Each structure stands twice: as C-alpha cells, then as structure tokens.
>>> print(open('work-v4.tsv').read())   # TSV, C-alpha atoms and all ligand atoms
chain	number	residue	atom	x	y	z
A	1	MET	CA	-60.56	-37.71	4.21
A	2	LYS	CA	-61.09	-39.37	7.59
A	3	VAL	CA	-62.45	-37.61	10.69
A	4	LYS	CA	-62.12	-38.95	14.24
A	5	PHE	CA	-63.49	-37.49	17.47
A	6	TRP	CA	-61.25	-37.63	20.55
A	7	GLY	CA	-63.16	-35.20	22.81
A	8	VAL	CA	-66.74	-33.97	22.52
A	9	ARG	CA	-67.56	-32.33	25.86
A	10	GLY	CA	-67.91	-28.62	26.36
A	11	SER	CA	-66.58	-26.40	29.14
A	12	VAL	CA	-65.19	-29.09	31.44
A	13	PRO	CA	-64.17	-32.75	31.24
A	14	VAL	CA	-66.54	-35.14	32.98
A	15	SER	CA	-66.50	-38.76	34.13
A	16	GLY	CA	-68.85	-41.32	35.63
A	17	PRO	CA	-71.64	-43.65	34.52
A	18	LYS	CA	-73.90	-40.88	33.20
A	19	THR	CA	-71.36	-39.66	30.66
A	20	VAL	CA	-69.70	-42.90	29.57
A	21	LYS	CA	-71.53	-43.33	26.23
A	22	TYR	CA	-70.33	-40.07	24.65
A	23	GLY	CA	-67.06	-39.88	26.58
A	24	GLY	CA	-65.77	-37.32	29.05
A	25	ASN	CA	-62.98	-35.42	27.27
A	26	THR	CA	-63.17	-31.88	25.96
A	27	SER	CA	-62.83	-30.76	22.34
A	28	CYS	CA	-60.39	-32.49	20.02
A	29	VAL	CA	-61.00	-33.70	16.47
A	30	GLU	CA	-58.50	-35.34	14.11
A	31	LEU	CA	-58.60	-35.11	10.32
A	32	ASN	CA	-56.47	-37.31	8.08
A	33	CYS	CA	-56.04	-36.43	4.43
A	34	ASP	CA	-53.30	-36.42	1.80
A	35	GLY	CA	-51.00	-38.22	4.28
A	36	LYS	CA	-51.26	-35.33	6.75
A	37	ILE	CA	-52.76	-34.94	10.20
A	38	ILE	CA	-54.85	-31.90	11.08
A	39	ILE	CA	-55.96	-31.56	14.72
A	40	LEU	CA	-58.77	-29.22	15.73
A	41	ASP	CA	-58.31	-27.95	19.30
A	42	SER	CA	-56.33	-29.49	22.14
A	43	GLY	CA	-58.94	-30.17	24.80
A	44	THR	CA	-58.30	-33.16	27.06
A	45	GLY	CA	-59.12	-35.50	24.15
A	46	ILE	CA	-55.72	-34.73	22.61
A	47	ARG	CA	-54.01	-36.79	25.32
A	48	ALA	CA	-55.36	-40.10	23.94
A	49	LEU	CA	-54.77	-38.89	20.37
A	50	GLY	CA	-51.12	-38.19	21.21
A	51	LEU	CA	-50.65	-41.68	22.64
A	52	ASP	CA	-52.28	-43.17	19.55
A	53	ILE	CA	-50.05	-41.17	17.19
A	54	MET	CA	-46.93	-42.47	18.98
A	55	ASN	CA	-47.97	-46.03	18.07
A	56	ARG	CA	-48.59	-45.39	14.39
A	57	ASP	CA	-46.28	-46.84	11.76
A	58	PHE	CA	-45.34	-43.54	10.14
A	59	VAL	CA	-43.83	-42.36	13.44
A	60	LYS	CA	-41.55	-45.39	13.56
A	61	GLU	CA	-40.60	-45.12	9.87
A	62	SER	CA	-39.84	-41.40	9.59
A	63	ARG	CA	-37.31	-39.28	11.50
A	64	LYS	CA	-39.30	-36.05	11.22
A	65	ASN	CA	-43.07	-35.96	11.53
A	66	ALA	CA	-45.24	-32.88	11.11
A	67	LEU	CA	-48.52	-32.30	12.89
A	68	ASN	CA	-50.85	-29.35	12.41
A	69	ILE	CA	-53.08	-28.05	15.21
A	70	PHE	CA	-55.74	-25.41	14.55
A	71	PHE	CA	-57.18	-23.71	17.64
A	72	SER	CA	-60.71	-22.30	17.68
A	73	HIS	CA	-59.78	-20.20	20.73
A	74	VAL	CA	-57.96	-20.53	24.04
A	75	HIS	CA	-60.66	-21.15	26.62
A	76	TRP	CA	-59.42	-23.96	28.83
A	77	ASP	CA	-61.64	-26.69	27.42
A	78	HIS	CA	-59.84	-26.18	24.07
A	79	ILE	CA	-56.21	-26.05	25.27
A	80	GLN	CA	-55.93	-27.94	28.54
A	81	GLY	CA	-54.89	-31.24	26.98
A	82	PHE	CA	-51.82	-29.79	25.29
A	83	PRO	CA	-49.42	-30.23	28.27
A	84	PHE	CA	-50.23	-33.98	28.02
A	85	PHE	CA	-49.77	-34.28	24.24
A	86	ARG	CA	-47.06	-36.94	24.01
A	87	PRO	CA	-45.58	-36.00	20.57
A	88	ALA	CA	-44.64	-32.57	22.00
A	89	PHE	CA	-42.15	-34.41	24.23
A	90	TYR	CA	-40.13	-35.80	21.30
A	91	PRO	CA	-37.71	-33.76	19.14
A	92	GLU	CA	-38.66	-35.91	16.13
A	93	PHE	CA	-41.92	-34.00	15.92
A	94	GLU	CA	-42.54	-30.67	14.29
A	95	ILE	CA	-45.83	-29.13	15.37
A	96	ASN	CA	-47.44	-26.26	13.47
A	97	LEU	CA	-49.91	-24.40	15.66
A	98	TYR	CA	-52.45	-22.04	14.07
A	99	GLY	CA	-54.86	-19.65	15.75
A	100	SER	CA	-55.92	-16.04	16.07
A	101	LEU	CA	-55.49	-13.46	18.80
A	102	HIS	CA	-58.00	-13.62	21.66
A	103	SER	CA	-58.17	-10.44	23.72
A	104	ASP	CA	-54.64	-9.66	22.39
A	105	VAL	CA	-53.31	-13.05	23.55
A	106	ASP	CA	-51.86	-15.34	20.88
A	107	ILE	CA	-51.77	-19.15	20.94
A	108	GLU	CA	-48.14	-19.38	22.08
A	109	CYS	CA	-48.76	-17.00	24.98
A	110	ALA	CA	-51.91	-18.91	26.03
A	111	LEU	CA	-50.21	-22.33	25.93
A	112	ARG	CA	-47.18	-20.95	27.77
A	113	GLY	CA	-49.44	-19.26	30.33
A	114	GLN	CA	-51.28	-22.43	31.32
A	115	MET	CA	-47.92	-24.15	31.99
A	116	ILE	CA	-46.17	-21.48	34.06
A	117	ALA	CA	-45.20	-22.24	37.66
A	118	PRO	CA	-46.89	-23.07	39.93
A	119	TYR	CA	-49.72	-24.36	37.71
A	120	PHE	CA	-47.72	-27.08	35.93
A	121	PRO	CA	-44.31	-28.68	36.52
A	122	ILE	CA	-43.06	-28.49	32.89
A	123	ARG	CA	-42.65	-25.29	30.88
A	124	LEU	CA	-43.74	-24.97	27.25
A	125	ARG	CA	-40.14	-24.11	26.27
A	126	ASP	CA	-38.98	-27.41	27.81
A	127	MET	CA	-41.10	-29.48	25.43
A	128	PRO	CA	-38.54	-30.86	22.92
A	129	ALA	CA	-40.69	-30.87	19.77
A	130	SER	CA	-40.10	-27.96	17.41
A	131	MET	CA	-43.14	-25.74	17.44
A	132	ASN	CA	-44.07	-23.19	14.79
A	133	PHE	CA	-46.73	-20.75	15.94
A	134	LYS	CA	-48.68	-19.07	13.17
A	135	ASP	CA	-51.14	-16.27	13.87
A	136	ILE	CA	-54.03	-16.21	11.45
A	137	GLU	CA	-56.93	-13.83	11.04
A	138	SER	CA	-60.54	-14.49	10.20
A	139	GLY	CA	-60.86	-14.97	6.46
A	140	GLU	CA	-57.26	-16.08	6.05
A	141	VAL	CA	-56.65	-19.20	3.98
A	142	VAL	CA	-53.90	-21.67	4.94
A	143	GLN	CA	-52.53	-24.20	2.45
A	144	ILE	CA	-50.87	-27.38	3.71
A	145	GLY	CA	-49.88	-29.53	0.73
A	146	ASN	CA	-53.15	-30.26	-1.06
A	147	ILE	CA	-55.23	-29.26	1.97
A	148	VAL	CA	-56.90	-25.85	2.11
A	149	VAL	CA	-58.05	-24.46	5.47
A	150	LYS	CA	-60.41	-21.47	5.46
A	151	SER	CA	-61.38	-19.53	8.58
A	152	VAL	CA	-64.30	-17.44	9.79
A	153	SER	CA	-64.84	-15.46	12.99
A	154	LEU	CA	-67.51	-16.73	15.38
A	155	ASN	CA	-69.60	-15.03	18.04
A	156	HIS	CA	-68.08	-15.96	21.42
A	157	PRO	CA	-66.62	-14.11	24.46
A	158	ASP	CA	-62.95	-13.28	23.58
A	159	GLY	CA	-63.62	-14.55	20.05
A	160	SER	CA	-63.51	-17.95	18.39
A	161	LEU	CA	-62.45	-19.04	14.91
A	162	GLY	CA	-64.37	-21.52	12.78
A	163	TYR	CA	-62.59	-23.59	10.11
A	164	LYS	CA	-63.40	-25.31	6.84
A	165	ILE	CA	-60.92	-27.92	5.69
A	166	ILE	CA	-61.03	-28.89	2.02
A	167	CYS	CA	-59.11	-31.91	0.71
A	168	GLU	CA	-59.60	-34.29	-2.22
A	169	ASN	CA	-62.86	-32.52	-3.14
A	170	LYS	CA	-64.37	-33.14	0.30
A	171	SER	CA	-64.95	-30.56	3.03
A	172	VAL	CA	-65.31	-30.57	6.81
A	173	ALA	CA	-66.25	-27.50	8.86
A	174	TYR	CA	-65.62	-27.00	12.57
A	175	ILE	CA	-67.91	-24.39	14.11
A	176	ILE	CA	-67.42	-24.60	17.84
A	177	ASP	CA	-68.16	-22.13	20.62
A	178	HIS	CA	-70.51	-19.98	18.62
A	179	GLU	CA	-73.66	-18.15	19.64
A	180	HIS	CA	-76.13	-17.83	16.83
A	181	THR	CA	-77.23	-14.28	15.95
A	182	GLU	CA	-79.20	-12.88	13.04
A	183	LYS	CA	-76.16	-10.73	12.21
A	184	SER	CA	-73.76	-13.68	11.92
A	185	LYS	CA	-76.25	-15.98	10.20
A	186	GLN	CA	-75.68	-15.08	6.53
A	187	ARG	CA	-71.89	-15.02	6.97
A	188	LEU	CA	-71.96	-18.57	8.32
A	189	VAL	CA	-74.47	-19.84	5.76
A	190	ASP	CA	-72.14	-18.56	3.01
A	191	PHE	CA	-69.09	-20.08	4.72
A	192	LEU	CA	-70.75	-23.48	5.15
A	193	LYS	CA	-72.46	-23.63	1.72
A	194	SER	CA	-72.53	-27.25	0.47
A	195	THR	CA	-69.98	-28.50	3.03
A	196	ASN	CA	-69.97	-32.31	3.28
A	197	LEU	CA	-69.63	-32.56	7.06
A	198	VAL	CA	-70.29	-29.81	9.61
A	199	ILE	CA	-69.24	-30.17	13.26
A	200	PHE	CA	-71.31	-27.66	15.24
A	201	ASP	CA	-71.58	-26.31	18.79
A	202	ALA	CA	-74.91	-27.44	20.27
A	203	HIS	CA	-74.17	-26.76	23.91
A	204	TYR	CA	-77.62	-25.59	25.02
A	205	THR	CA	-81.20	-26.65	24.56
A	206	PRO	CA	-83.53	-23.91	23.27
A	207	GLU	CA	-85.18	-23.91	26.73
A	208	GLU	CA	-81.89	-23.34	28.55
A	209	TYR	CA	-80.88	-20.64	26.08
A	210	SER	CA	-84.13	-18.68	26.26
A	211	GLY	CA	-84.62	-19.22	29.98
A	212	SER	CA	-88.02	-20.90	29.52
A	213	ASP	CA	-86.71	-23.70	31.77
A	214	GLY	CA	-86.83	-21.18	34.63
A	215	ASP	CA	-83.03	-20.99	35.04
A	216	GLY	CA	-82.41	-17.43	33.88
A	217	GLY	CA	-81.37	-18.08	30.26
A	218	ARG	CA	-77.95	-18.22	28.62
A	219	LYS	CA	-78.02	-15.35	26.13
A	220	GLY	CA	-74.59	-13.77	25.65
A	221	TRP	CA	-72.77	-16.83	27.03
A	222	GLY	CA	-71.35	-17.65	23.59
A	223	HIS	CA	-73.00	-20.94	22.68
A	224	GLY	CA	-75.83	-22.11	20.48
A	225	THR	CA	-78.54	-24.75	20.50
A	226	TRP	CA	-79.14	-27.83	18.37
A	227	VAL	CA	-82.02	-25.96	16.69
A	228	ASP	CA	-79.64	-23.17	15.58
A	229	ALA	CA	-77.27	-25.80	14.20
A	230	VAL	CA	-80.01	-27.62	12.27
A	231	GLU	CA	-81.55	-24.47	10.78
A	232	LEU	CA	-78.23	-23.05	9.69
A	233	CYS	CA	-77.08	-26.33	8.14
A	234	ARG	CA	-80.36	-26.80	6.27
A	235	GLU	CA	-80.02	-23.34	4.83
A	236	ALA	CA	-76.39	-23.98	3.85
A	237	ASN	CA	-77.42	-27.25	2.16
A	238	ILE	CA	-74.78	-29.37	3.88
A	239	ASP	CA	-74.65	-33.20	3.78
A	240	GLN	CA	-74.11	-34.25	7.38
A	241	LEU	CA	-74.33	-32.50	10.76
A	242	ILE	CA	-72.37	-33.56	13.85
A	243	LEU	CA	-73.48	-31.99	17.14
A	244	THR	CA	-70.74	-31.50	19.72
A	245	HIS	CA	-69.51	-29.49	22.76
A	246	HIS	CA	-72.03	-31.44	24.83
A	247	GLY	CA	-72.94	-29.93	28.18
A	248	ARG	CA	-75.21	-32.63	29.61
A	249	GLU	CA	-75.64	-36.28	30.53
A	250	ASP	CA	-75.79	-39.07	27.93
A	251	LEU	CA	-79.57	-39.62	28.11
A	252	ASP	CA	-80.23	-35.96	27.33
A	253	ILE	CA	-77.77	-36.02	24.41
A	254	GLU	CA	-79.65	-39.03	23.00
A	255	ARG	CA	-82.91	-37.09	23.21
A	256	ILE	CA	-81.40	-34.09	21.46
A	257	GLU	CA	-79.99	-36.31	18.72
A	258	LEU	CA	-83.46	-37.80	18.07
A	259	MET	CA	-85.12	-34.36	17.95
A	260	ALA	CA	-82.44	-33.03	15.61
A	261	GLN	CA	-82.77	-36.08	13.30
A	262	LYS	CA	-86.50	-35.33	12.86
A	263	LYS	CA	-85.56	-31.93	11.36
A	264	PHE	CA	-82.29	-32.97	9.68
A	265	PRO	CA	-82.09	-36.79	9.32
A	266	ASN	CA	-78.35	-36.93	8.65
A	267	THR	CA	-77.44	-35.73	12.15
A	268	VAL	CA	-75.23	-37.52	14.67
A	269	ALA	CA	-74.34	-36.50	18.22
A	270	ALA	CA	-70.55	-36.80	18.39
A	271	TYR	CA	-69.04	-39.37	20.74
A	272	GLU	CA	-65.45	-40.22	21.56
A	273	GLY	CA	-64.16	-42.68	19.00
A	274	LEU	CA	-66.66	-41.71	16.28
A	275	GLU	CA	-64.94	-42.11	12.90
A	276	ILE	CA	-66.34	-40.84	9.62
A	277	GLY	CA	-64.81	-41.44	6.20
A	278	LEU	CA	-65.53	-39.03	3.36
A	279	GLY	CA	-65.00	-39.94	-0.26
A	301	ZN	ZN	-65.65	-24.52	24.72
A	302	ZN	ZN	-65.16	-20.95	24.68
>>> encode(input="work-v4.tsv", output="structure tokens")
Amino acid sequence: MKVKFWGVRGSVPVSGPKTVKYGGNTSCVELNCDGKIIILDSGTGIRALGLDIMNRDFVKESRKNALNIFFSHVHWDHIQGFPFFRPAFYPEFEINLYGSLHSDVDIECALRGQMIAPYFPIRLRDMPASMNFKDIESGEVVQIGNIVVKSVSLNHPDGSLGYKIICENKSVAYIIDHEHTEKSKQRLVDFLKSTNLVIFDAHYTPEEYSGSDGDGGRKGWGHGTWVDAVELCREANIDQLILTHHGREDLDIERIELMAQKKFPNTVAAYEGLEIGLG
C-alpha cells in the first residue's frame, strides 16, 4: 500500500514564503493498493492529484477507470477542490463517492450546492464522469476488491467520519477534524488499535486549545492538538503517526513535529508530496 499527501492544510488554503515547505492546499490524501485508487477528501489538493492521474499509464490503457473518494465531511476545506478534479470532466471515469449525512445533507447535495449558480460556472450534473454516490453510516464497512474500509464517527461540528483502510495486511487510518474528548477516547483507541499508519488532525497547540496563550481558547471548535494525537496513538499501539490539517506557518509546524517526536519518535508532520510505502 502506498500513501501520498496532496493537501495538508486545515480550514483554508494558503500561499506565500511562510507556508512553502509543507504546501498550501487543503486536505487530500491518496492511497494506492490492489491496483485501486482511494482518495480521502477533496480539498484543494485534489486538483494536482487529478492532473497527475490523467498522465498515468493506466488511464491511457483502459477505457473505463474507477476512482473511489471517501469524504470525512463537507466543510469547504474538504470539498472545495472537487470542481477542479480533472477526471470528473471525462466520461471514461467512474467515480464512487462515499460519505455520511452532515446536518441532513448528503455528499451529492453538498457537492452540487457548492457548484450552483452564481458560485461556479459549471454544474455538478454537467461533469461527464459517471458518479455513484453512496451514503454510509458510522460503523459501516465498505469492501472494494481486496480493500476493506471501516468508519467511525468523530467529534466535530456537523459531524465527521474517520476511516481505516485495510489492504494486503497493512492499515492506514484517517482521523481528521476531530476534537478529543474523554467520551470519544476509548472508541477511537479501539478503532485505531495496532494500525500501521495513522493520519491525525493536529490543528491546534495545547496552548491555543486551552486558551493559555491568552486568545480565548478553542474548545468546542472541533479540532484537536498534537498532544491528543500522540497520547491516543501511544495508547492504541500504532506504528507511525502523521500530523496534518495544519493551521500555522512552516516554522511552527517544524517545532510541533520536534515536540511530538520526543513523545512518539515515529511521528512526521505531513507535507505536500510526502509518500509512504507500507509493506
Ligand atoms: Zn477541516
Ligand atoms: Zn471541518
């Protein structure tokens, strides 16, 4: 199984010299296994992924190509790249889109909504790829060939879904937009138990979250800290932790990565282009 990061920023895309090391696009991760492509979220990072897919050999060799996108939720930083996802503009592609309801809005409705006039010049229904929308609930298991995708509900305004993808005896979990609580802790520890690679929301520092930095705190805003991520992953006995959904400049991310590595050495702060092979 191969994992590649195409967007690692949280909340809003950024640009400029202070964010160039980790990249400026919002959430998008690609998994390759068993000859299949699984995409986690369609933040602005999916634009470059779509262009890359169009240049791959299998696209030129095969008439029908299937892609699978799993959405954590439909806040803009997780869907706003979709209108720029090049494969959706070709009828040769079949795209399976999985996600749960968020405040009674399903994935199809959310993607259609962000493209209605006058917000965008092209409608979702005008994208030529065939799209299969599949509503899933927390706890549901999806099987795609030899790949198993498990889901778990996370603690976030309007809800968020975490995923664990298991393929060829390796596992990757995607826990993004989640606020750590004592109540949710055991559920997540059980879900993540012995996972090989865990991608985890580390949007805030403990000081920002608690308000000890003097800025009012961030409790109830739906995100966690790198300390939450480290403690949970230690308890779940995972192999490698990837911090993502960055909400700060590169220098501060570097500092957080160093602090996290002191508590959990096999930690990396995700950056655009980071590739990890498992197995
Ligand atoms: Zn987000
Ligand atoms: Zn969110």
>>> residues_around(input="work-v4.tsv", residues="segment 47-61 of chain A", least_positions_apart="3", cutoff="10 Å", atoms="only C-alpha atoms", output="short mmCIF file (atom, residue, chain, number, x, y, z; two decimals) with C-alpha atoms, keeping the file's coordinate frame")
data_model
loop_
_atom_site.label_atom_id
_atom_site.label_comp_id
_atom_site.auth_asym_id
_atom_site.auth_seq_id
_atom_site.Cartn_x
_atom_site.Cartn_y
_atom_site.Cartn_z
CA LYS A 4 -62.12 -38.95 14.24
CA PHE A 5 -63.49 -37.49 17.47
CA TRP A 6 -61.25 -37.63 20.55
CA GLY A 7 -63.16 -35.20 22.81
CA ASN A 25 -62.98 -35.42 27.27
CA CYS A 28 -60.39 -32.49 20.02
CA VAL A 29 -61.00 -33.70 16.47
CA GLU A 30 -58.50 -35.34 14.11
CA GLY A 35 -51.00 -38.22 4.28
CA ILE A 37 -52.76 -34.94 10.20
CA ILE A 39 -55.96 -31.56 14.72
CA SER A 42 -56.33 -29.49 22.14
CA GLY A 43 -58.94 -30.17 24.80
CA THR A 44 -58.30 -33.16 27.06
CA LYS A 64 -39.30 -36.05 11.22
CA ASN A 65 -43.07 -35.96 11.53
CA ALA A 66 -45.24 -32.88 11.11
CA LEU A 67 -48.52 -32.30 12.89
CA GLN A 80 -55.93 -27.94 28.54
CA GLY A 81 -54.89 -31.24 26.98
CA PHE A 82 -51.82 -29.79 25.29
CA PRO A 83 -49.42 -30.23 28.27
CA PHE A 84 -50.23 -33.98 28.02
CA PHE A 85 -49.77 -34.28 24.24
CA ARG A 86 -47.06 -36.94 24.01
CA PRO A 87 -45.58 -36.00 20.57
CA ALA A 88 -44.64 -32.57 22.00
CA TYR A 90 -40.13 -35.80 21.30
CA GLU A 92 -38.66 -35.91 16.13
CA PHE A 93 -41.92 -34.00 15.92
#
>>> atom_distance(input="work-v4.tsv", atom1="atom CA of Thr19 of chain A", atom2="atom ZN of ligand ZN 302 (chain A)")
20.6 Å
>>> residues_around(input="work-v4.tsv", residues="Leu251 of chain A", least_positions_apart="3", cutoff="12 Å", atoms="all atoms listed in the file", output="list in words")
Pro17, Lys18, Thr19, Val20, Lys21, Tyr22, His246, Gly247, Arg248, Glu254, Arg255, Ile256, Glu257, Leu258 and Ala269 of chain A
>>> atom_distance(input="work-v4.tsv", atom1="atom CA of Thr244 of chain A", atom2="atom CA of Lys2 of chain A")
17.4 Å
>>> atom_distance(input="work-v4.tsv", atom1="atom CA of Asn266 of chain A", atom2="atom CA of Asn169 of chain A")
20.0 Å
>>> closest_residue(input="work-v4.tsv", among="A:Tyr174, A:Phe89, A:Phe70, A:Trp221", to="ligand ZN 302 (chain A)", atoms="only C-alpha atoms and all ligand atoms")
A:Trp221
>>> residues_near_ligand(input="work-v4.tsv", ligand="ligand ZN 302 (chain A)", cutoff="9 Å", atoms="only C-alpha atoms and all ligand atoms", output="list in words")
Gly10, Ser11, Ser72, His73, Val74, His75, Trp76, Asp77, His78, His156, Pro157, Asp158, Gly159, Ser160, Ile176, Asp177, His178, Trp221, Gly222 and His223 of chain A
>>> write_last_selection(input="work-v4.tsv", atoms="C-alpha atoms", output="tab-separated table (two decimals), keeping the file's coordinate frame")
chain	number	residue	atom	x	y	z
A	10	GLY	CA	-67.91	-28.62	26.36
A	11	SER	CA	-66.58	-26.40	29.14
A	72	SER	CA	-60.71	-22.30	17.68
A	73	HIS	CA	-59.78	-20.20	20.73
A	74	VAL	CA	-57.96	-20.53	24.04
A	75	HIS	CA	-60.66	-21.15	26.62
A	76	TRP	CA	-59.42	-23.96	28.83
A	77	ASP	CA	-61.64	-26.69	27.42
A	78	HIS	CA	-59.84	-26.18	24.07
A	156	HIS	CA	-68.08	-15.96	21.42
A	157	PRO	CA	-66.62	-14.11	24.46
A	158	ASP	CA	-62.95	-13.28	23.58
A	159	GLY	CA	-63.62	-14.55	20.05
A	160	SER	CA	-63.51	-17.95	18.39
A	176	ILE	CA	-67.42	-24.60	17.84
A	177	ASP	CA	-68.16	-22.13	20.62
A	178	HIS	CA	-70.51	-19.98	18.62
A	221	TRP	CA	-72.77	-16.83	27.03
A	222	GLY	CA	-71.35	-17.65	23.59
A	223	HIS	CA	-73.00	-20.94	22.68
>>> closest_residue(input="work-v4.tsv", among="A:Leu31, A:Ala202, A:Val8, A:Leu241", to="Asp228 of chain A", atoms="all atoms listed in the file")
A:Ala202
>>> closest_residue(input="work-v4.tsv", among="A:Lys193, A:Arg125, A:His245, A:Arg234", to="ligand ZN 301 (chain A)", atoms="all atoms listed in the file")
A:His245
>>> closest_residue(input="work-v4.tsv", among="A:Ile95, A:Ile79, A:Ile69, A:Leu278", to="Gly113 of chain A", atoms="all atoms listed in the file")
A:Ile79
>>> closest_residue(input="work-v4.tsv", among="A:Gly277, A:Pro206, A:Gly224, A:Pro265", to="ligand ZN 301 (chain A)", atoms="all atoms listed in the file")
A:Gly224
>>> closest_residue(input="work-v4.tsv", among="A:Ile136, A:Ala260, A:Ile175, A:Val230", to="ligand ZN 301 (chain A)", atoms="all atoms listed in the file")
A:Ile175
>>> residues_around(input="work-v4.tsv", residues="Asn146 of chain A", least_positions_apart="4", cutoff="10 Å", atoms="all atoms listed in the file", output="compact mmCIF listing (two decimals) with C-alpha atoms, keeping the file's coordinate frame")
# COMPACT_ATOMS: atom_id res chain seq x y z
CA CYS A 33 -56.04 -36.43 4.43
CA ASP A 34 -53.30 -36.42 1.80
CA GLY A 35 -51.00 -38.22 4.28
CA LYS A 36 -51.26 -35.33 6.75
CA ILE A 166 -61.03 -28.89 2.02
CA CYS A 167 -59.11 -31.91 0.71
CA GLU A 168 -59.60 -34.29 -2.22
>>> residues_around(input="work-v4.tsv", residues="Lys183 of chain A", least_positions_apart="6", cutoff="12 Å", atoms="only C-alpha atoms", output="ChimeraX atom specification")
/A:154-155,189
>>> residues_near_point(input="work-v4.tsv", point="(-80.0, -23.8, 22.3)", cutoff="10 Å", atoms="all atoms listed in the file", output="list in words")
Glu179, His180, Asp201, Ala202, His203, Tyr204, Thr205, Pro206, Glu207, Glu208, Tyr209, Ser210, Gly217, Arg218, Lys219, His223, Gly224, Thr225, Trp226, Val227, Asp228 and Ala229 of chain A
>>> residues_around(input="work-v4.tsv", residues="Asn132 of chain A", least_positions_apart="3", cutoff="8 Å", atoms="all atoms listed in the file", output="tab-separated table (two decimals) with C-alpha atoms, in the coordinates of the input")
chain	number	residue	atom	x	y	z
A	94	GLU	CA	-42.54	-30.67	14.29
A	95	ILE	CA	-45.83	-29.13	15.37
A	96	ASN	CA	-47.44	-26.26	13.47
A	97	LEU	CA	-49.91	-24.40	15.66
>>> residues_near_point(input="work-v4.tsv", point="(-72.7, -20.8, 5.2)", cutoff="9 Å", atoms="only C-alpha atoms", output="PyMOL selection string")
chain A and resi 185-195+232-233+235-238
>>> build_atoms(input="work-v4.tsv", residues="segment 97-116 of chain A", atoms="N, CA and C atoms", output="short mmCIF file (atom, residue, chain, number, x, y, z; two decimals), in the coordinates of the input")
data_model
loop_
_atom_site.label_atom_id
_atom_site.label_comp_id
_atom_site.auth_asym_id
_atom_site.auth_seq_id
_atom_site.Cartn_x
_atom_site.Cartn_y
_atom_site.Cartn_z
N LEU A 97 -48.74 -24.77 14.86
CA LEU A 97 -49.91 -24.40 15.66
C LEU A 97 -50.52 -23.10 15.12
N TYR A 98 -51.78 -23.18 14.71
CA TYR A 98 -52.45 -22.04 14.07
C TYR A 98 -53.60 -21.54 14.97
N GLY A 99 -53.73 -20.22 15.02
CA GLY A 99 -54.86 -19.65 15.75
C GLY A 99 -54.80 -18.14 15.68
N SER A 100 -55.87 -17.50 16.14
CA SER A 100 -55.92 -16.04 16.07
C SER A 100 -55.69 -15.45 17.46
N LEU A 101 -55.62 -14.14 17.52
CA LEU A 101 -55.49 -13.46 18.80
C LEU A 101 -56.84 -13.49 19.53
N HIS A 102 -56.79 -13.67 20.84
CA HIS A 102 -58.00 -13.62 21.66
C HIS A 102 -57.74 -12.65 22.80
N SER A 103 -58.44 -11.52 22.77
CA SER A 103 -58.17 -10.44 23.72
C SER A 103 -56.67 -10.14 23.76
N ASP A 104 -56.07 -10.01 22.57
CA ASP A 104 -54.64 -9.66 22.39
C ASP A 104 -53.68 -10.75 22.86
N VAL A 105 -54.18 -11.94 23.14
CA VAL A 105 -53.31 -13.05 23.55
C VAL A 105 -53.23 -14.04 22.39
N ASP A 106 -51.99 -14.37 21.97
CA ASP A 106 -51.86 -15.34 20.88
C ASP A 106 -51.76 -16.77 21.44
N ILE A 107 -51.74 -17.74 20.52
CA ILE A 107 -51.77 -19.15 20.94
C ILE A 107 -50.54 -19.50 21.78
N GLU A 108 -49.37 -19.05 21.34
CA GLU A 108 -48.14 -19.38 22.08
C GLU A 108 -48.22 -18.86 23.52
N CYS A 109 -48.67 -17.63 23.66
CA CYS A 109 -48.76 -17.00 24.98
C CYS A 109 -49.77 -17.77 25.86
N ALA A 110 -50.88 -18.19 25.26
CA ALA A 110 -51.91 -18.91 26.03
C ALA A 110 -51.41 -20.28 26.48
N LEU A 111 -50.72 -21.01 25.56
CA LEU A 111 -50.21 -22.33 25.93
C LEU A 111 -49.10 -22.20 26.98
N ARG A 112 -48.25 -21.17 26.80
CA ARG A 112 -47.18 -20.95 27.77
C ARG A 112 -47.78 -20.59 29.14
N GLY A 113 -48.82 -19.75 29.09
CA GLY A 113 -49.44 -19.26 30.33
C GLY A 113 -50.05 -20.37 31.18
N GLN A 114 -50.64 -21.36 30.52
CA GLN A 114 -51.28 -22.43 31.32
C GLN A 114 -50.25 -23.41 31.90
N MET A 115 -48.97 -23.25 31.49
CA MET A 115 -47.92 -24.15 31.99
C MET A 115 -46.92 -23.44 32.89
N ILE A 116 -47.14 -22.17 33.20
CA ILE A 116 -46.17 -21.48 34.06
C ILE A 116 -46.29 -22.01 35.49
#
